[in-house]
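K.L.:
Contents are mmCIF, C-alpha atoms; file name query_37.cif:
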data_protein
#
loop_
_atom_site.label_atom_id
_atom_site.label_comp_id
_atom_site.auth_asym_id
_atom_site.auth_seq_id
_atom_site.Cartn_x
_atom_site.Cartn_y
_atom_site.Cartn_z
CA MET A 24 120.46 -8.10 112.09
CA PHE A 25 121.88 -10.30 114.83
CA MET A 26 119.20 -11.51 117.24
CA LYS A 27 119.90 -13.54 120.31
CA THR A 28 116.63 -14.07 122.13
CA PHE A 29 113.28 -15.49 121.13
CA GLU A 30 111.62 -12.15 121.95
CA GLU A 31 113.86 -10.32 119.50
CA LYS A 32 113.26 -12.88 116.75
CA TRP A 33 109.51 -12.90 117.36
CA THR A 34 109.33 -9.11 117.18
CA ALA A 35 111.35 -9.06 113.98
CA TRP A 36 109.07 -11.76 112.53
CA LEU A 37 105.92 -9.78 113.44
CA ASP A 38 107.35 -6.68 111.79
CA ASP A 39 108.40 -8.66 108.68
CA GLN A 40 112.04 -7.94 109.35
CA LEU A 41 113.19 -11.56 109.02
CA THR A 42 114.37 -12.71 105.61
CA GLY A 43 116.10 -15.65 103.98
CA LYS A 44 117.57 -18.32 106.20
CA GLU A 45 116.71 -16.43 109.41
CA LEU A 46 113.02 -16.48 108.44
CA GLU A 47 113.09 -20.16 107.45
CA ASP A 48 114.87 -21.17 110.64
CA PHE A 49 112.53 -19.16 112.84
CA GLU A 50 109.36 -20.44 111.19
CA ALA A 51 110.69 -23.99 111.41
CA SER A 52 111.30 -23.52 115.14
CA LEU A 53 107.67 -22.52 115.82
CA PRO A 54 105.75 -25.35 117.48
CA ASP A 55 102.36 -24.15 116.19
CA LYS A 56 102.67 -22.06 113.07
CA GLU A 57 98.94 -21.42 112.74
CA ALA A 58 98.70 -20.01 116.26
CA ALA A 59 101.74 -17.87 115.55
CA GLU A 60 100.17 -16.57 112.33
CA ALA A 61 96.99 -15.74 114.27
CA GLU A 62 99.02 -13.81 116.81
CA LYS A 63 100.77 -11.98 114.00
CA ARG A 64 97.40 -10.93 112.62
CA ASP A 65 96.41 -9.76 116.12
CA ALA A 66 99.58 -7.71 116.41
CA THR A 67 98.86 -6.12 113.03
CA LYS A 68 95.32 -5.26 114.16
CA LEU A 69 96.65 -3.80 117.39
CA GLY A 70 99.12 -1.69 115.44
CA THR A 71 96.37 -0.44 113.14
CA LEU A 72 94.14 0.39 116.11
CA LEU A 73 96.88 2.33 117.88
CA LYS A 74 97.82 4.23 114.75
CA GLN A 75 94.19 5.04 114.02
CA GLU A 76 93.30 6.16 117.52
CA LEU A 77 96.50 7.76 118.70
CA GLY A 78 98.25 8.72 115.49
CA ALA A 79 96.38 11.85 114.46
CA GLN A 80 96.22 14.16 117.45
CA PRO A 81 94.92 17.61 116.66
CA PHE A 82 96.92 20.14 118.63
CA SER A 83 94.81 23.12 119.54
CA ASN A 84 96.44 26.44 120.42
CA GLU A 85 99.60 25.65 118.44
CA GLU A 86 100.41 29.30 118.00
CA PHE A 87 99.96 30.01 121.68
CA PHE A 88 102.27 27.07 122.42
CA SER A 89 104.98 28.61 120.24
CA HIS A 90 104.36 32.07 121.68
CA GLN A 91 104.70 30.77 125.23
CA LEU A 92 107.86 28.87 124.27
CA ARG A 93 109.37 31.96 122.62
CA GLU A 94 108.77 33.97 125.78
CA ARG A 95 110.23 31.24 127.96
CA ILE A 96 113.33 30.95 125.81
CA ALA A 97 113.77 34.73 125.83
CA ARG A 98 113.55 34.66 129.64
CA GLU A 99 116.03 31.79 129.85
CA ASN A 100 118.41 33.60 127.50
CA ALA A 101 118.19 36.76 129.60
CA GLN A 102 118.86 34.74 132.76
CA ASP A 103 121.84 33.03 131.12
CA ARG A 104 123.23 36.39 130.01
CA SER A 105 122.93 37.85 133.49
CA ALA A 106 124.40 34.67 134.99
CA SER A 107 127.37 34.80 132.61
CA GLY A 108 127.73 38.55 133.36
CA GLY A 109 127.87 37.68 137.04
CA ALA A 110 130.41 35.02 136.36
CA ARG A 111 132.53 37.49 134.42
CA SER A 112 132.53 39.97 137.31
CA THR A 113 133.54 37.14 139.64
CA TRP A 114 136.38 36.25 137.31
CA TRP A 115 137.37 39.91 137.26
CA THR A 116 137.89 39.94 141.01
CA VAL A 117 140.02 36.79 141.03
CA PRO A 118 142.99 38.33 139.16
CA ARG A 119 142.45 41.49 141.12
CA LEU A 120 142.74 39.49 144.32
CA VAL A 121 145.85 37.76 143.02
CA TRP A 122 147.43 41.09 142.13
CA THR A 123 146.54 42.58 145.51
CA GLY A 124 148.04 39.56 147.23
CA ALA A 125 151.24 39.69 145.17
CA VAL A 126 151.71 43.43 145.75
CA SER A 127 151.10 42.99 149.50
CA LEU A 128 153.60 40.17 149.64
CA ALA A 129 156.20 42.24 147.77
CA ILE A 130 155.70 45.19 150.14
CA PHE A 131 156.00 42.83 153.12
CA MET A 132 159.22 41.32 151.75
CA ILE A 133 160.76 44.77 151.14
CA CYS A 134 159.87 45.88 154.68
CA ALA A 135 161.17 42.62 156.16
CA VAL A 136 164.48 42.90 154.29
CA ALA A 137 164.86 46.52 155.40
CA VAL A 138 164.18 45.64 159.04
CA MET A 139 166.55 42.63 158.89
CA ARG A 140 169.29 44.79 157.42
CA GLU A 141 168.83 47.29 160.22
CA LYS A 142 169.05 44.52 162.77
CA ALA A 143 172.10 42.94 161.13
CA PRO A 144 174.67 41.62 163.68
CA GLY A 145 177.55 43.87 164.50
CA GLU A 146 180.73 43.73 162.53
CA ARG A 147 183.55 41.51 163.67
CA SER A 148 186.29 43.60 165.16
CA GLU A 149 189.55 42.34 163.64
CA TYR A 150 191.74 44.45 165.86
CA LEU A 151 190.24 43.31 169.18
CA THR A 152 190.15 39.64 168.05
CA GLN A 153 193.88 39.79 167.33
CA ILE A 154 194.65 41.19 170.78
CA LEU A 155 192.50 38.58 172.54
CA ASN A 156 194.00 35.68 170.54
CA MET A 157 197.43 36.80 171.71
CA ARG A 158 196.29 36.58 175.33
CA VAL A 159 195.13 32.95 175.01
CA ASP A 160 197.95 30.56 175.89
CA PRO A 161 198.59 28.30 172.84
CA ALA A 162 200.23 25.63 175.05
CA ILE A 163 197.07 25.14 177.11
CA SER A 164 194.47 25.80 174.39
CA PRO A 165 196.14 25.20 171.00
CA ASN A 166 192.92 25.44 168.91
CA ALA A 167 191.29 28.25 170.83
CA THR A 168 189.85 31.19 168.94
CA VAL A 169 188.36 34.31 170.31
CA SER A 170 186.15 36.70 168.30
CA VAL A 171 184.67 39.98 169.32
CA PHE A 172 181.57 41.47 167.72
CA GLU A 173 180.54 44.97 168.46
CA THR A 174 177.83 47.37 167.43
CA LYS A 175 178.98 50.77 168.17
CA GLY A 176 175.61 52.43 167.71
CA ASP A 177 173.94 50.15 170.25
CA ARG A 178 177.05 50.05 172.46
CA VAL A 179 177.04 46.25 172.52
CA THR A 180 180.16 44.02 172.47
CA VAL A 181 180.02 40.21 172.24
CA ILE A 182 183.11 38.08 172.93
CA TRP A 183 182.86 34.60 171.28
CA THR A 184 185.42 31.97 172.31
CA GLU A 185 185.89 28.44 170.95
CA GLY A 186 188.27 25.62 171.97
CA LEU A 187 189.28 27.33 175.23
CA GLN A 188 190.62 24.72 177.71
CA SER A 189 191.09 27.10 180.64
CA LEU A 190 190.76 30.80 181.20
CA PRO A 191 193.97 32.80 181.15
CA SER A 192 195.11 34.06 184.58
CA ASP A 193 194.68 37.69 183.66
CA TYR A 194 191.21 37.05 182.24
CA ALA A 195 190.12 40.50 181.25
CA ALA A 196 191.10 41.97 177.95
CA LYS A 197 192.76 45.22 178.66
CA MET B 14 104.34 10.64 100.71
CA GLN B 15 107.64 12.47 100.40
CA THR B 16 109.99 11.39 97.66
CA GLU B 17 113.66 10.80 98.46
CA THR B 18 114.63 14.12 96.87
CA THR B 19 112.15 16.18 98.87
CA LEU B 20 113.16 14.28 102.00
CA ALA B 21 116.80 15.11 101.31
CA GLN B 22 115.89 18.75 100.69
CA ALA B 23 113.94 18.82 103.94
CA ASP B 24 116.93 17.33 105.75
CA VAL B 25 119.30 19.88 104.27
CA SER B 26 117.12 22.78 105.28
CA GLU B 27 116.69 21.21 108.70
CA LEU B 28 120.44 21.02 109.11
CA ASP B 29 120.61 24.63 108.03
CA LEU B 30 118.01 25.53 110.65
CA VAL B 31 119.99 23.66 113.29
CA LYS B 32 123.17 25.55 112.33
CA ARG B 33 121.32 28.84 112.59
CA CYS B 34 120.01 27.78 116.01
CA GLN B 35 123.55 26.98 117.07
CA ALA B 36 124.49 30.52 116.09
CA GLY B 37 121.81 31.72 118.51
CA GLU B 38 119.01 32.49 116.05
CA THR B 39 115.75 31.96 117.90
CA GLU B 40 113.71 32.39 114.69
CA ALA B 41 115.30 29.24 113.27
CA PHE B 42 114.42 27.35 116.44
CA ASP B 43 110.87 28.65 116.15
CA GLU B 44 110.71 27.08 112.69
CA LEU B 45 111.88 23.73 114.07
CA VAL B 46 109.30 23.97 116.84
CA THR B 47 106.57 24.60 114.29
CA ARG B 48 107.65 21.49 112.39
CA TYR B 49 107.65 19.14 115.36
CA ARG B 50 105.31 20.57 118.00
CA THR B 51 102.23 18.59 116.93
CA ARG B 52 104.00 15.23 116.78
CA ILE B 53 105.84 15.81 120.00
CA PHE B 54 102.76 16.99 121.84
CA ALA B 55 100.82 13.95 120.57
CA MET B 56 103.61 11.59 121.59
CA ILE B 57 103.80 13.02 125.10
CA TYR B 58 100.04 13.18 125.41
CA ASN B 59 99.77 9.49 124.51
CA MET B 60 102.25 8.70 127.25
CA VAL B 61 100.88 10.87 130.05
CA HIS B 62 97.16 11.09 129.13
CA ASN B 63 96.75 14.61 130.40
CA GLU B 64 96.64 17.66 128.16
CA GLN B 65 98.12 20.15 130.63
CA ASP B 66 100.96 17.84 131.62
CA ALA B 67 101.67 17.07 127.96
CA TRP B 68 101.76 20.80 127.21
CA ASP B 69 104.20 21.50 130.06
CA LEU B 70 106.42 18.54 129.20
CA ALA B 71 106.51 19.53 125.53
CA GLN B 72 107.53 23.06 126.57
CA ASP B 73 110.22 21.68 128.90
CA SER B 74 111.52 19.42 126.14
CA PHE B 75 111.82 22.27 123.64
CA VAL B 76 113.52 24.52 126.18
CA LYS B 77 116.03 21.74 126.93
CA ALA B 78 116.56 21.25 123.21
CA TRP B 79 117.26 24.96 122.77
CA LYS B 80 119.72 24.96 125.65
CA SER B 81 121.64 21.96 124.34
CA ILE B 82 121.36 22.60 120.59
CA LYS B 83 125.04 23.58 120.46
CA ARG B 84 125.93 20.03 121.46
CA PHE B 85 123.99 18.56 118.51
CA ARG B 86 126.65 17.18 116.16
CA GLY B 87 124.37 15.96 113.38
CA ARG B 88 125.32 12.30 113.80
CA SER B 89 121.60 11.45 113.94
CA SER B 90 118.63 13.32 112.52
CA PHE B 91 117.33 16.29 114.48
CA TYR B 92 114.06 14.40 114.82
CA THR B 93 115.74 11.46 116.61
CA TRP B 94 117.80 13.84 118.70
CA ILE B 95 114.83 15.83 119.94
CA TYR B 96 112.90 12.62 120.56
CA ARG B 97 115.65 11.55 122.89
CA ILE B 98 115.17 14.74 124.90
CA VAL B 99 111.39 14.31 124.84
CA MET B 100 111.67 10.72 126.05
CA ASN B 101 114.10 11.60 128.83
CA VAL B 102 111.86 14.40 130.08
CA THR B 103 108.66 12.36 129.84
CA ILE B 104 110.00 9.10 131.27
CA ASP B 105 111.62 10.98 134.18
CA TRP B 106 108.33 12.73 134.86
CA LEU B 107 106.38 9.45 134.72
CA ARG B 108 108.83 7.76 137.10
CA LYS B 109 108.56 10.61 139.59
CA LYS B 110 104.79 10.48 139.31
CA GLN B 111 104.79 6.73 139.89
CA VAL B 112 106.90 7.23 142.99
CA LYS B 113 104.48 9.84 144.31
CA GLY B 114 101.42 7.67 143.84
CA ALA B 115 100.42 4.92 141.48
CA GLY B 116 97.17 5.01 139.60
CA VAL B 117 96.94 8.77 139.19
CA GLU B 118 97.18 8.43 135.44
CA PHE B 119 93.97 6.42 135.35
CA ASP B 120 92.20 9.30 137.03
CA ASP B 121 93.56 11.67 134.42
CA ALA B 122 92.33 9.44 131.63
CA ILE B 123 88.90 9.27 133.16
CA GLN B 124 88.90 13.02 133.74
CA LEU B 125 89.71 13.65 130.10
CA ARG B 126 86.90 11.38 129.01
CA GLU B 127 84.38 12.99 131.30
CA VAL B 128 85.26 16.63 130.95
CA ASN B 129 86.21 16.92 127.33
CA PRO B 130 84.67 14.01 125.41
CA ALA B 131 86.30 13.15 122.11
CA SER B 132 88.21 16.41 121.93
CA LYS B 133 91.39 14.55 120.96
CA THR B 134 89.86 12.35 118.32
CA LEU B 135 87.13 14.57 116.93
CA PRO B 136 87.48 15.03 113.17
CA LYS B 137 86.43 18.30 111.58
CA ALA B 138 83.07 16.88 110.52
CA ASP B 139 81.43 15.95 113.82
CA PRO B 140 80.47 12.29 114.08
CA LEU B 141 77.08 11.19 115.29
CA PRO B 142 76.65 11.17 119.08
CA TYR B 143 76.72 7.36 119.37
CA GLU B 144 79.83 7.20 117.19
CA ARG B 145 81.44 9.83 119.35
CA MET B 146 80.62 7.85 122.48
CA GLU B 147 82.00 4.69 120.95
CA ARG B 148 85.24 6.36 119.93
CA THR B 149 85.58 8.00 123.33
CA GLU B 150 85.17 4.63 124.95
CA VAL B 151 87.73 3.05 122.65
CA ARG B 152 90.14 5.85 123.34
CA GLY B 153 89.60 5.45 127.06
CA ARG B 154 90.28 1.72 126.84
CA ILE B 155 93.49 2.33 124.91
CA ASP B 156 94.66 5.01 127.33
CA ASN B 157 93.98 2.74 130.29
CA ALA B 158 95.82 -0.14 128.66
CA ILE B 159 98.85 2.03 127.83
CA ALA B 160 98.84 3.42 131.35
CA GLN B 161 99.45 -0.13 132.61
CA LEU B 162 102.74 -0.32 130.74
CA SER B 163 106.02 0.89 132.18
CA PRO B 164 107.22 4.26 130.83
CA GLU B 165 109.89 2.53 128.71
CA HIS B 166 107.39 0.07 127.21
CA ARG B 167 104.95 2.90 126.46
CA ALA B 168 107.68 4.84 124.70
CA VAL B 169 108.70 1.89 122.55
CA ILE B 170 105.21 0.85 121.44
CA LEU B 171 104.13 4.43 120.70
CA MET B 172 107.24 5.24 118.71
CA LYS B 173 106.88 2.04 116.71
CA GLU B 174 103.14 1.97 116.11
CA THR B 175 102.13 5.62 115.96
CA GLU B 176 105.33 7.23 114.72
CA GLY B 177 106.44 4.35 112.53
CA MET B 178 110.03 4.68 113.71
CA GLN B 179 112.63 2.01 112.93
CA TYR B 180 114.22 -0.08 115.67
CA HIS B 181 117.53 1.78 115.43
CA GLU B 182 115.80 5.17 115.63
CA ILE B 183 113.90 4.09 118.76
CA ALA B 184 117.12 2.74 120.24
CA GLU B 185 118.83 6.05 119.57
CA ALA B 186 115.96 8.03 121.03
CA LEU B 187 115.91 5.92 124.18
CA GLY B 188 119.63 5.42 124.48
CA CYS B 189 119.44 1.63 124.55
CA SER B 190 120.32 -1.27 122.26
CA ILE B 191 118.19 -2.49 119.34
CA GLY B 192 117.81 -5.81 121.17
CA THR B 193 116.32 -4.03 124.16
CA VAL B 194 113.90 -2.17 121.90
CA MET B 195 112.75 -5.44 120.30
CA SER B 196 112.41 -7.15 123.64
CA ARG B 197 110.36 -4.26 125.08
CA LEU B 198 108.17 -4.29 121.97
CA PHE B 199 107.54 -7.97 122.47
CA TYR B 200 106.27 -7.53 126.05
CA ALA B 201 104.37 -4.30 125.34
CA ARG B 202 102.54 -5.92 122.43
CA LYS B 203 101.71 -9.03 124.43
CA LYS B 204 100.24 -6.95 127.24
CA LEU B 205 98.24 -4.66 124.95
CA GLN B 206 96.97 -7.64 122.93
CA ASN B 207 95.62 -9.15 126.15
CA LEU B 208 94.05 -5.90 127.31
CA LEU B 209 92.63 -4.72 123.99
CA LYS B 210 91.75 -7.94 122.18
CA ASP B 211 88.01 -7.28 122.31
CA VAL B 212 88.55 -3.72 121.09
CA TYR B 213 90.53 -4.50 117.95
CA GLU B 214 88.47 -7.61 117.21
CA ASN B 215 85.31 -5.49 116.97
CA ILE B 216 86.69 -2.76 114.75
#
Written as C-alpha cells, how would this file's structure read?
P.N.:
Amino acid sequence: MFMKTFEEKWTAWLDDQLTGKELEDFEASLPDKEAAEAEKRDATKLGTLLKQELGAQPFSNEEFFSHQLRERIARENAQDRSASGGARSTWWTVPRLVWTGAVSLAIFMICAVAVMREKAPGERSEYLTQILNMRVDPAISPNATVSVFETKGDRVTVIWTEGLQSLPSDYAAK
Amino acid sequence: MQTETTLAQADVSELDLVKRCQAGETEAFDELVTRYRTRIFAMIYNMVHNEQDAWDLAQDSFVKAWKSIKRFRGRSSFYTWIYRIVMNVTIDWLRKKQVKGAGVEFDDAIQLREVNPASKTLPKADPLPYERMERTEVRGRIDNAIAQLSPEHRAVILMKETEGMQYHEIAEALGCSIGTVMSRLFYARKKLQNLLKDVYENI
C-alpha cells in the first residue's frame, strides 16, 4: 500500500496495516513512541466502544419495512410502465407525422407541377420567326434575331428581338 | 464466523439473486432486502440519529437500488454497491439538512433519548434501570459526538468501526481514493477520541 501523508501512515499503523520496512520506518519516525502507543490504545478502545454501542441495532418492524418497500416498488414499476407506454404512443405519432408530412409534400409537388405545366410559356412559332428575320436588314443589324411566341388558347403573342440596331422602316410584320 | 466456502456459496447465490433482479423478479430483490435491511437501517440510523428519517432513507436507498440494479455489473460485491447508494442518499440528505439549519440533529438525538429510552440498545433481557440509564447516556454521548463530524467523516468511521469494512471497500462505497478514506479516518478518530475520552476510559 502506497501512502503519502502522515495521516495515511498513522491510520494504517493504528489499524495494524503497516508491515516490514514501512512499519520500521514509521515507528522510527515517531518522536514519542510511548505517547503514540497510548494513542493507539485509545483508538482501539474507541473502536470497541463504537462497535459495542452502535454495532448491534435491533430493527423493529422489519417485515413491515419490507412490505412497505414491496408496495412502493410495485407502484414505481406501474408508474414506469405507464410512462414507457406514454413514450411509446408519442413515438407512434412521430412516424405518423413524418408520413403525413411526406404525403402532403408529394401532393403539393404534383399539384405544383400540374399548374406549372398548364402555365407553360407558349410555343415558339417557327414560321412567324422566319418571316420577321427576313424583314430585319442584315446590313444594319447583322446579328439581330427576332422570335415570336404565341399561345393560341390565351390569344397572346410575344415578339422577342435581340441585336436590333434600328427598326426597319416598315416596322409592322404583315 | 463464515468459512471461505460458505462465504463463496453466499456470494454465488447473491449473484444469482442479482441476476434474477435484473430480469425483473421482485421476489429476488425482496430476498436481498431481507439480507441487508437491518445493517443498512443501523448504518443510516447511526448517521442521522432519527428512526423515522433512517426508515425513509433506507426505503429510498432500496428503491434506488431496485431502479438501477440493471446497471450493476458485478465488479464489486452487491454489499459494496448498495452501500454506495446508501451513502449517496444519506450524505445528500445530511448536506441538505445542514443547509436548512445546523444543530437539528442534536435535537433529534435528545428527542430519541427522552421519548424512547434505550430502545435501540435494549437487549432481550432487560437491564436494571440504572444500567439502562447509563447506557442511554453513553449512547447519547456517542450520538452527539458523531453528529459533530461531517457526513463524510461519519460515513468513514461507521463503516470502519461498526461494519468492519476494509479501506478499499469504504473507498468504493464512497467513490473516493483509499488515501482519502485513511485521511478522513485519521481526523474522525482524533475528534471522537477528544469528545469521548472519558466515556471509553470508564468502560
K.L.:
Run the PyMOL selection byres ((chain B) within 9 of (chain A)) against the file shown and list the residues it catches, as a PyMOL selection string.
P.N.:
chain B and resi 39+43+46-47+50-52+54-56+58-59+68+72-73+75-76+79-80+132-136+148+151-152+155+170-171+173-177+191-200+202-203+205-206+209-210+212-214+216
K.L.:
May I have the protein, DNA and RNA residues with any atom at most 7 Å from the point (184.6, 43.1, 169.0), counting all atoms listed in the file, written as a VMD selection string?
P.N.:
chain A and resid 147 to 148 151 to 152 170 to 173 180 to 182
K.L.:
Write to file, as a PDB file, in the coordinates of the input, the residues of the selection just made, with C-alpha atoms.
P.N.:
ATOM      1  CA  ARG A 147     183.550  41.510 163.670  1.00  0.00           C
ATOM      2  CA  SER A 148     186.290  43.600 165.160  1.00  0.00           C
ATOM      3  CA  LEU A 151     190.240  43.310 169.180  1.00  0.00           C
ATOM      4  CA  THR A 152     190.150  39.640 168.050  1.00  0.00           C
ATOM      5  CA  SER A 170     186.150  36.700 168.300  1.00  0.00           C
ATOM      6  CA  VAL A 171     184.670  39.980 169.320  1.00  0.00           C
ATOM      7  CA  PHE A 172     181.570  41.470 167.720  1.00  0.00           C
ATOM      8  CA  GLU A 173     180.540  44.970 168.460  1.00  0.00           C
ATOM      9  CA  THR A 180     180.160  44.020 172.470  1.00  0.00           C
ATOM     10  CA  VAL A 181     180.020  40.210 172.240  1.00  0.00           C
ATOM     11  CA  ILE A 182     183.110  38.080 172.930  1.00  0.00           C
TER      12      ILE A 182
END
K.L.:
For the PyMOL selection byres ((chain B and resi 83-96) around 7), applied here, can you spell out every residue it catches as a ChimeraX atom specification?
P.N.:
/B:35,78,81-82,97-100,182,185-186
K.L.:
Would you compute the distance between CA of Arg104 in chain A and CA of Ser74 in chain B? Give it in Å to one decimal.
P.N.:
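So the answer is 21.0 Å.
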